[in-house]
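Data block below; observations after.
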Amino acid sequence: MTVALATEDALSEAIGLRLLSELPRTTSVNHLLRKDGSGYLRSRMDSWRKMAQRQVVLILTDLDQIACPLALREDWFGKTPRHANLMLRIAVREVESWVLADHDAMRELIGIKGKLPAKPDELPDPKRHLLDLAKYAPKTIRQDLVKEYSTFTLQGIGYNARLTHLVKTVWSPERAALRSPSLQRTRHRLNELLLRPDEV
């Protein structure tokens, strides 16, 4: 099965690749398509539709502040028919909620301090929550993840590299899906591909 993976950023791309790698059916990713932010993904919808006529196209995006996944789908797809090969999967509210959902991986990252969310999909700002938790991490990890100023905290320069490494080496989609319904739905939808005939 051949898949094109379209994502917002490096972390989303790493998670998409990890999800595809766990499929029992052999999967080949022949295109990695990303630029910063969801605007790129939405603006290229006509291209994704055309590509989906030849192969599976998996798009991973964040819900952000949109009311619900259904509203985002309606905004992106409108009334245009969607090919079965075109898959839009939405992290509620950000892909960081999927990272946070694997508590074992998070403990490997930040250590034993800090309270991990039981329901990360319900966090209003999962990325902010992760940055707050990073303050408890060992110094080298903390310096990668956060840039601290006197009154606020920003994403550190090594944020994507550190979390991407975590996803590739420690993070478990199976464990994370137990706490993230949006991730569970994504895994379920991907596994449905196994029941389909081989793609062209």
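Ligands are numbered from 1 in the order shown, residues from 1 within each chain, and chains are lettered A, B, ... in the order they appear in the structure tokens.
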
*Considering only C-alpha atoms, return as a ChimeraX atom specification whatever protein or nucleic-acid residues lie within 12 Å of A:Arg54, sequence-local ones (same chain, fewer than 4 positions apart) excluded.*
/A:1-4,47-50,83-86,198-200

Store the residues picked out above in a file with N, CA and C atoms, as a compact mmCIF listing (two decimals), in the first residue's frame.
```
# COMPACT_ATOMS: atom_id res chain seq x y z
N MET A 1 0.84 -1.19 0.00
CA MET A 1 0.00 0.00 0.00
C MET A 1 0.88 1.24 0.00
N THR A 2 0.64 2.14 -0.94
CA THR A 2 1.42 3.36 -1.08
C THR A 2 0.66 4.53 -0.49
N VAL A 3 1.35 5.33 0.33
CA VAL A 3 0.71 6.44 1.05
C VAL A 3 1.52 7.71 0.86
N ALA A 4 0.82 8.83 0.63
CA ALA A 4 1.41 10.16 0.71
C ALA A 4 0.98 10.75 2.04
N SER A 47 -5.09 19.50 -4.95
CA SER A 47 -3.97 18.61 -5.27
C SER A 47 -4.12 17.27 -4.56
N TRP A 48 -4.56 17.31 -3.30
CA TRP A 48 -4.72 16.05 -2.55
C TRP A 48 -5.82 15.20 -3.21
N ARG A 49 -6.89 15.85 -3.67
CA ARG A 49 -7.97 15.11 -4.33
C ARG A 49 -7.46 14.40 -5.58
N LYS A 50 -6.67 15.09 -6.38
CA LYS A 50 -6.14 14.49 -7.61
C LYS A 50 -5.19 13.34 -7.28
N HIS A 83 -12.80 11.31 -2.41
CA HIS A 83 -12.36 9.96 -2.77
C HIS A 83 -12.04 9.17 -1.50
N ALA A 84 -12.32 7.87 -1.54
CA ALA A 84 -12.07 7.02 -0.37
C ALA A 84 -10.60 7.01 0.03
N ASN A 85 -9.70 7.28 -0.91
CA ASN A 85 -8.27 7.30 -0.61
C ASN A 85 -7.82 8.55 0.14
N LEU A 86 -8.68 9.56 0.21
CA LEU A 86 -8.30 10.81 0.85
C LEU A 86 -8.75 10.78 2.31
N ASP A 198 -5.64 -4.20 -2.67
CA ASP A 198 -4.39 -3.47 -2.91
C ASP A 198 -4.63 -2.22 -3.74
N GLU A 199 -3.89 -1.16 -3.39
CA GLU A 199 -4.01 0.08 -4.15
C GLU A 199 -3.24 -0.05 -5.47
N VAL A 200 -3.57 0.81 -6.41
CA VAL A 200 -2.87 0.79 -7.70
C VAL A 200 -1.47 1.30 -7.52
```

*Find the spatial neighbours of A:Arg185, counting only C-alpha atoms, within a cut-off of 12 Å - ignore same-chain residues fewer than 2 positions away - and output them as a list in words.*
Leu19, Pro69, Leu88, Arg89, Ile90, Ala91, Val92, Trp98, Pro173, Glu174, Ala176, Ala177, Leu178, Arg179, Ser180, Pro181, Ser182, Leu183, Arg187, His188, Arg189, Leu190, Asn191 and Glu192 of chain A

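Every protein or nucleic acid residue with an atom no more than 7 Å from stretch 135-151 of chain A, counting only C-alpha atoms and leaving out same-chain residues fewer than 3 positions away, appears here: A:Leu109, A:Ile110, A:Gly111, A:Lys113, A:Gly114, A:Leu131, A:Asp132, A:Leu154, A:Gln155, A:Gly156, A:Ile157, A:Gly158, A:Tyr159, A:Arg162.
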
*Could you tell me, as JSON, numbers by chain, which residues of stretch 1-120 of chain A DSSP assigns to helix (DSSP H, G or I) when given the backbone?*
{"A": [10, 11, 12, 13, 14, 15, 16, 17, 18, 19, 20, 21, 38, 39, 40, 41, 42, 43, 45, 46, 47, 48, 49, 50, 51, 52, 69, 70, 71, 72, 73, 74, 75, 76, 77, 95, 96, 97, 98, 99, 100, 103, 104, 105, 106, 107, 108, 109, 110, 120]}

*Which parts of stretch 39-153 of chain A does DSSP call strand (DSSP E) when run on the backbone here, written out as a count of residues only?*
17

*Write out as a PyMOL selection string the residues lying within 9 Å of A:Leu41, counting only C-alpha atoms and excluding same-chain residues fewer than 4 positions away.*
chain A and resi 6-8+33-35+37+45+48+59-61

*Restricting the calculation to only C-alpha atoms, which member of A:Lys168, A:His31, A:Arg73, A:Arg107 is positioned closest to A:Gln55?*
A:His31
